[in-house]
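*Asks:* Okay, so here is entry-v5.txt, and as you'll see once you scroll down, it has compact mmCIF, C-alpha atoms.
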# COMPACT_ATOMS: atom_id res chain seq x y z
CA GLY A 245 46.18 34.44 -5.94
CA GLU A 246 47.55 37.65 -7.42
CA ARG A 247 49.26 40.90 -6.48
CA GLY A 248 49.13 43.31 -9.37
CA GLY A 249 49.20 40.38 -11.77
CA ASP A 250 51.47 38.24 -9.58
CA LEU A 251 50.83 35.99 -6.61
CA THR A 252 49.98 37.42 -3.22
CA ASP A 253 52.52 37.52 -0.41
CA ILE A 254 51.00 34.55 1.35
CA VAL A 255 51.18 32.35 -1.74
CA VAL A 256 54.68 33.48 -2.63
CA ASP A 257 55.94 32.85 0.91
CA GLN A 258 54.20 29.48 1.07
CA ILE A 259 55.62 28.36 -2.27
CA ALA A 260 59.09 29.68 -1.50
CA LYS A 261 59.23 27.79 1.80
CA THR A 262 57.84 24.62 0.24
CA HIS A 263 60.16 24.91 -2.75
CA GLU A 264 63.24 25.38 -0.56
CA GLY A 265 62.27 22.53 1.74
CA LEU A 266 61.40 20.25 -1.14
CA GLU A 267 64.78 20.86 -2.77
CA ARG A 268 66.47 19.88 0.49
CA LEU A 269 64.29 16.79 0.68
CA ILE A 270 65.11 15.80 -2.89
CA ASP A 271 68.83 16.40 -2.35
CA SER A 272 68.83 14.43 0.87
CA SER A 273 69.45 10.74 1.35
CA LEU A 274 65.68 10.17 1.35
CA ILE A 275 65.66 10.38 -2.41
CA GLU A 276 66.64 7.13 -4.05
CA GLU A 277 66.22 5.54 -7.43
CA PRO A 278 62.58 4.63 -8.27
CA GLU A 279 63.22 0.90 -8.00
CA VAL A 280 64.54 1.19 -4.42
CA ARG A 281 62.40 4.08 -3.22
CA SER A 282 60.82 3.52 0.17
CA PRO A 283 57.10 4.13 0.89
CA ALA A 284 58.07 6.02 4.04
CA SER A 285 59.91 8.73 2.10
CA ASN A 286 56.91 9.14 -0.21
CA THR A 287 54.68 9.60 2.83
CA GLU A 288 57.02 12.25 4.23
CA LEU A 289 56.94 14.12 0.93
CA LEU A 290 53.12 14.06 0.82
CA ASP A 291 52.93 15.30 4.40
CA PHE A 292 55.42 18.02 3.57
CA LEU A 293 53.21 19.25 0.71
CA GLY A 294 50.18 19.55 2.99
CA ALA A 295 50.88 23.22 3.71
CA PHE A 296 51.09 24.01 0.01
CA VAL A 297 47.78 22.29 -0.72
CA SER A 298 46.05 24.39 1.94
CA VAL A 299 47.00 27.73 0.34
CA PRO A 300 43.71 29.68 0.00
CA CYS A 301 42.28 30.95 -3.30
CA THR A 302 41.67 34.66 -3.88
CA THR A 303 39.26 36.76 -5.91
CA SER A 304 41.81 37.40 -8.68
CA PRO A 305 40.64 37.21 -12.33
CA LEU A 306 42.31 33.82 -12.78
CA GLU A 307 40.55 32.33 -9.75
CA LYS A 308 37.16 33.75 -10.71
CA ASN A 309 37.52 32.57 -14.30
CA VAL A 310 38.34 29.06 -13.12
CA GLU A 311 35.09 29.07 -11.15
CA TYR A 312 33.24 30.33 -14.23
CA ALA A 313 34.76 27.47 -16.26
CA ALA A 314 33.86 24.90 -13.62
CA GLU A 315 30.25 26.05 -13.68
CA ALA A 316 29.97 26.43 -17.45
CA PHE A 317 31.49 23.04 -18.28
CA GLY A 318 30.30 21.13 -15.22
CA LEU A 319 33.81 20.36 -13.98
CA SER A 320 34.28 18.31 -10.84
CA ASN A 321 36.22 19.80 -7.93
CA VAL A 322 39.30 17.81 -8.94
CA GLU A 323 39.05 18.90 -12.58
CA ARG A 324 38.64 22.49 -11.43
CA ASP A 325 41.70 22.26 -9.19
CA ILE A 326 43.81 20.71 -11.96
CA LEU A 327 42.84 23.53 -14.32
CA ARG A 328 43.65 26.13 -11.65
CA LEU A 329 47.06 24.54 -10.99
CA VAL A 330 48.02 24.39 -14.67
CA LEU A 331 46.95 28.00 -15.20
CA ARG A 332 48.98 29.09 -12.18
CA TRP A 333 52.02 27.53 -13.83
CA GLN A 334 51.64 30.18 -16.55
CA ARG A 335 51.99 32.96 -13.96
CA LEU A 336 54.67 31.73 -11.59
CA ASP A 337 57.85 29.92 -12.58
CA GLN A 338 58.47 28.89 -8.98
CA LEU A 339 55.23 26.96 -8.91
CA ALA A 340 56.05 25.24 -12.21
CA GLU A 341 59.47 24.31 -10.81
CA LEU A 342 57.92 23.01 -7.61
CA SER A 343 55.47 20.89 -9.59
CA ALA A 344 58.33 19.53 -11.70
CA LEU A 345 60.23 18.55 -8.56
CA VAL A 346 57.19 16.78 -7.15
CA HIS A 347 56.70 14.92 -10.41
CA LYS A 348 60.35 13.94 -10.49
CA ARG A 349 60.18 12.73 -6.92
CA LEU A 350 56.96 10.71 -7.22
CA ASP A 351 57.56 9.55 -10.80
CA SER A 352 53.83 9.67 -11.54
CA VAL A 353 51.62 12.37 -13.07
CA SER A 354 48.58 11.27 -11.09
CA GLN A 355 50.44 11.15 -7.78
CA ALA A 356 52.12 14.50 -8.42
CA LEU A 357 48.77 16.17 -9.13
CA ALA A 358 47.24 14.48 -6.11
CA ALA A 359 50.01 15.85 -3.90
CA LEU A 360 49.75 19.35 -5.36
CA ILE A 361 45.97 19.76 -5.19
CA GLY A 362 45.21 17.54 -2.20
CA CYS A 363 43.21 14.59 -3.56
CA HIS A 364 43.55 10.87 -4.12
CA ALA A 365 45.74 9.82 -7.05
CA ARG A 366 42.87 7.81 -8.50
CA ASP A 367 40.66 10.91 -8.57
CA ALA A 368 43.47 12.97 -10.10
CA HIS A 369 43.86 10.37 -12.86
CA ARG A 370 40.14 10.56 -13.63
CA GLY A 371 40.43 14.33 -13.71
CA PHE A 372 42.52 14.34 -16.90
CA ALA A 373 41.05 11.24 -18.54
CA PRO A 374 40.61 11.59 -22.35
CA THR A 375 36.82 11.29 -22.00
CA GLY A 376 36.62 13.66 -19.03
CA LYS A 377 35.10 17.13 -19.22
CA LEU A 378 38.39 18.92 -18.68
CA ILE A 379 39.93 17.42 -21.82
CA CYS A 380 36.78 17.12 -23.96
CA SER A 381 35.94 20.77 -23.35
CA GLY A 382 39.26 21.81 -24.87
CA LEU A 383 40.25 23.72 -21.73
CA LEU A 384 43.31 21.52 -21.31
CA CYS A 385 45.45 19.40 -23.64
CA VAL A 386 47.50 16.36 -22.67
CA ASN A 387 50.74 15.18 -24.25
CA PRO A 388 51.30 11.58 -23.07
CA GLU A 389 54.79 11.53 -24.62
CA ALA A 390 56.03 14.48 -22.55
CA GLN A 391 58.82 13.95 -20.05
CA GLU A 392 58.08 17.08 -18.00
CA LEU A 393 54.93 17.92 -16.09
CA SER A 394 54.78 21.64 -16.95
CA GLY A 395 56.28 23.98 -19.53
CA PRO A 396 55.63 24.58 -23.25
CA SER A 397 56.28 20.91 -24.07
CA GLY A 398 55.00 19.55 -20.78
CA TYR A 399 52.38 16.89 -20.08
CA PHE A 400 49.69 19.55 -19.63
CA THR A 401 49.22 22.59 -21.83
CA VAL A 402 46.51 25.22 -22.07
CA PRO A 403 45.56 26.23 -25.65
CA TYR A 404 46.62 29.81 -26.33
CA PRO A 405 43.09 31.26 -26.79
CA VAL A 406 41.99 29.60 -23.55
CA ARG A 407 45.04 30.86 -21.66
CA VAL A 408 44.48 34.43 -22.83
CA ALA A 409 40.80 34.33 -21.90
CA MET A 410 41.40 32.74 -18.50
CA LEU A 411 43.92 35.38 -17.40
CA ARG A 412 41.86 38.45 -18.29
CA PRO A 413 39.43 40.20 -15.92
CA TYR A 414 35.70 40.12 -16.72
CA LYS A 415 32.72 41.70 -15.01
CA ASP A 416 30.63 38.51 -15.05
CA LYS A 417 30.35 34.96 -16.38
CA THR A 418 28.58 36.05 -19.59
CA GLU A 419 31.42 38.40 -20.53
CA TRP A 420 33.95 35.67 -19.66
CA LEU A 421 32.20 33.17 -21.92
CA GLN A 422 32.21 35.67 -24.78
CA GLY A 423 35.90 36.22 -24.20
CA LEU A 424 36.50 32.47 -24.31
CA VAL A 425 34.45 31.45 -27.37
CA GLY A 426 33.88 34.84 -29.02
CA GLN A 427 30.65 36.58 -29.89
CA SER A 428 28.26 35.03 -32.39
CA ALA A 429 29.11 36.08 -35.95
CA ARG A 430 26.26 37.62 -37.95
CA ALA A 431 25.88 36.36 -41.50
CA SER A 432 24.98 38.69 -44.36
CA LEU A 433 23.43 35.80 -46.33
CA GLU A 434 20.43 33.58 -45.56
CA ARG A 435 19.96 29.83 -45.69
CA ALA A 436 17.98 30.33 -48.91
CA ASP A 437 21.20 31.51 -50.56
CA PHE A 438 22.63 28.00 -50.03
CA GLN A 439 19.81 25.90 -51.43
CA HIS A 440 22.32 23.79 -53.32
CA MET A 441 23.72 22.70 -49.91
CA GLU A 442 20.46 21.87 -48.18
CA GLN A 443 21.58 18.31 -47.44
CA GLN A 444 24.78 19.58 -45.81
CA PHE A 445 22.76 21.98 -43.66
CA ASP A 446 20.71 19.07 -42.29
CA GLN A 447 23.80 16.97 -41.61
CA LEU A 448 25.58 19.85 -39.86
CA GLY A 449 22.47 20.55 -37.80
CA GLN A 450 22.59 17.00 -36.48
CA LEU A 451 26.32 17.28 -35.74
CA ILE A 452 25.98 20.59 -33.90
CA SER A 453 23.04 19.23 -31.88
CA ALA A 454 25.20 16.25 -30.90
CA GLY A 455 27.81 18.72 -29.66
CA SER A 456 25.49 19.72 -26.83
CA GLU A 457 25.40 16.16 -25.50
CA PRO A 458 27.60 15.26 -22.50
CA ALA A 459 31.26 14.62 -23.36
CA PRO A 460 31.14 14.79 -27.19
CA VAL A 461 34.33 13.36 -28.69
CA GLY A 462 35.83 14.10 -32.10
CA LEU A 463 33.26 16.70 -33.13
CA ASN A 464 34.96 18.73 -35.86
CA ILE A 465 33.67 20.37 -39.04
CA LEU A 466 35.94 21.25 -41.97
CA VAL A 467 34.62 23.66 -44.61
CA TYR A 468 36.93 23.69 -47.64
CA GLY A 469 37.06 25.02 -51.18
CA PRO A 470 38.55 27.83 -53.32
CA ALA A 471 38.52 31.41 -52.14
CA GLY A 472 35.40 33.47 -52.68
CA ILE A 473 32.77 30.71 -52.80
CA GLY A 474 31.11 31.59 -49.48
CA LYS A 475 32.77 29.34 -46.90
CA THR A 476 32.83 32.02 -44.19
CA GLU A 477 29.22 33.05 -44.75
CA PHE A 478 28.18 29.40 -44.79
CA ALA A 479 29.92 28.86 -41.44
CA LYS A 480 28.26 31.96 -39.94
Output the structure of this file as structure tokens.
*Replies:*
Amino acid sequence: GERGGDLTDIVVDQIAKTHEGLERLIDSSLIEEPEVRSPASNTELLDFLGAFVSVPCTTSPLEKNVEYAAEAFGLSNVERDILRLVLRWQRLDQLAELSALVHKRLDSVSQALAALIGCHARDAHRGFAPTGKLICSGLLCVNPEAQELSGPSGYFTVPYPVRVAMLRPYKDKTEWLQGLVGQSARASLERADFQHMEQQFDQLGQLISAGSEPAPVGLNILVYGPAGIGKTEFAK
């Protein structure tokens, strides 16, 4: 939720209370080393986070844009909630700190996400799988070598163009999509001007068509050559 660009009172209060209580829980004798950690203390932590998970969404630009993304890319509810959580980290340091504490306490990315968005750890793990829609769409990037859950060098990052587009207000889904991927560029040349590259046109046509298939992986096109030979017009 937002309040003039920040979170609403209800979210701030909820997070503040959860954050304070979680710090006490982590500092208490319940927290032990991972190898001697008791299942009971994990259960208490998950129960404690129940109030945080139930925080309602609002009609803020971020929330609406997440719904647009879920519809446009066919995200599951879990994938949608993961995206919303990671984007909220960009807006509120307290939430990022809370998430880091949960990750530290549970010592598992999947379990931390499950606790923070209210789902099963197995479903959370599927939500950021390399072949899943959330990652393949480019909405979210994963750094398996990261030690932290959030932050610039955290496990999850949102590409800068995506982050900018997801935080801006739009009047509808069409305008949001244009803000995310940009408007179609109009070429000043025609295909007939590139007759010497007819074979490449056919190959690229097949590649671009494949990009519309479910979960395309590794679909990238590199146009290279000296300046002034028409690369930009060819791409348009």
*Asks:* Which distance in Å separates CA of Leu383 in chain A and CA of Val402 in chain A, to one decimal?
*Replies:* 6.4 Å
*Asks:* Go ahead and compute the interatomic distance for CA of Leu331 in chain A and CA of Arg407 in chain A, in Å to one decimal.
*Replies:*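 Computed distance, CA of Leu331 in chain A to CA of Arg407 in chain A, equals 7.3 Å.
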*Asks:* I'd like to know which of A:Asp367, A:Glu434, A:Asp416, A:Glu341 is closest to Ser394 in chain A, using all atoms listed in the file.
*Replies:*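 Of all the options, A:Glu341 lies closest to Ser394 in chain A.
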*Asks:* When you look at range 372-375 of chain A with a cut-off of 10 Å (counting all atoms listed in the file), what residues show up, excluding the ones that are within fewer than 4 positions of it in the same chain? I need them as number ranges by chain.
*Replies:* A: 322-323, 326-327, 354, 367-368, 379-381, 384-386, 400, 459-461
*Asks:* Which residue is closest to Pro396 in chain A? Choose from A:Ile465, A:Ala316, A:Trp333, A:Lys415 and count all atoms listed in the file.
*Replies:*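 Nearest candidate to Pro396 in chain A out of A:Ile465, A:Ala316, A:Trp333, A:Lys415: A:Trp333.
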*Asks:* Given all atoms listed in the file as the basis, pick out the residue of A:Ala471, A:Ala314, A:Leu393, A:Ile452 nearest to Lys348 in chain A.
*Replies:*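 Between A:Ala471, A:Ala314, A:Leu393, A:Ile452, the residue approaching Lys348 in chain A most closely is A:Leu393.
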*Asks:* Mind giving me the straight-line distance from CA of Val467 in chain A to CA of Val406 in chain A in Å, one decimal?
*Replies:*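 Calculated distance between CA of Val467 in chain A and CA of Val406 in chain A is 23.1 Å.
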*Asks:* Between A:Leu466, A:Leu342, A:Ala359, A:Leu329, which is the closest to Thr401 in chain A once you count only C-alpha atoms?
*Replies:*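 Smallest separation from Thr401 in chain A among the options: A:Leu329.
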*Asks:* Show me, as a list of chain:residue names, the residues that have an atom within 10 Å of Leu451 in chain A when counting only C-alpha atoms, minus same-chain residues fewer than 6 positions from it.
*Replies:*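 Neighbouring residues, sequence-local ones excluded: A:Phe445, A:Leu463, A:Asn464, A:Ile465.
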*Asks:* For the residues in that selection, give me C-alpha atoms as a short mmCIF file (atom, residue, chain, number, x, y, z; two decimals), in the coordinates of the input.
*Replies:*
data_model
loop_
_atom_site.label_atom_id
_atom_site.label_comp_id
_atom_site.auth_asym_id
_atom_site.auth_seq_id
_atom_site.Cartn_x
_atom_site.Cartn_y
_atom_site.Cartn_z
CA PHE A 445 22.76 21.98 -43.66
CA LEU A 463 33.26 16.70 -33.13
CA ASN A 464 34.96 18.73 -35.86
CA ILE A 465 33.67 20.37 -39.04
#
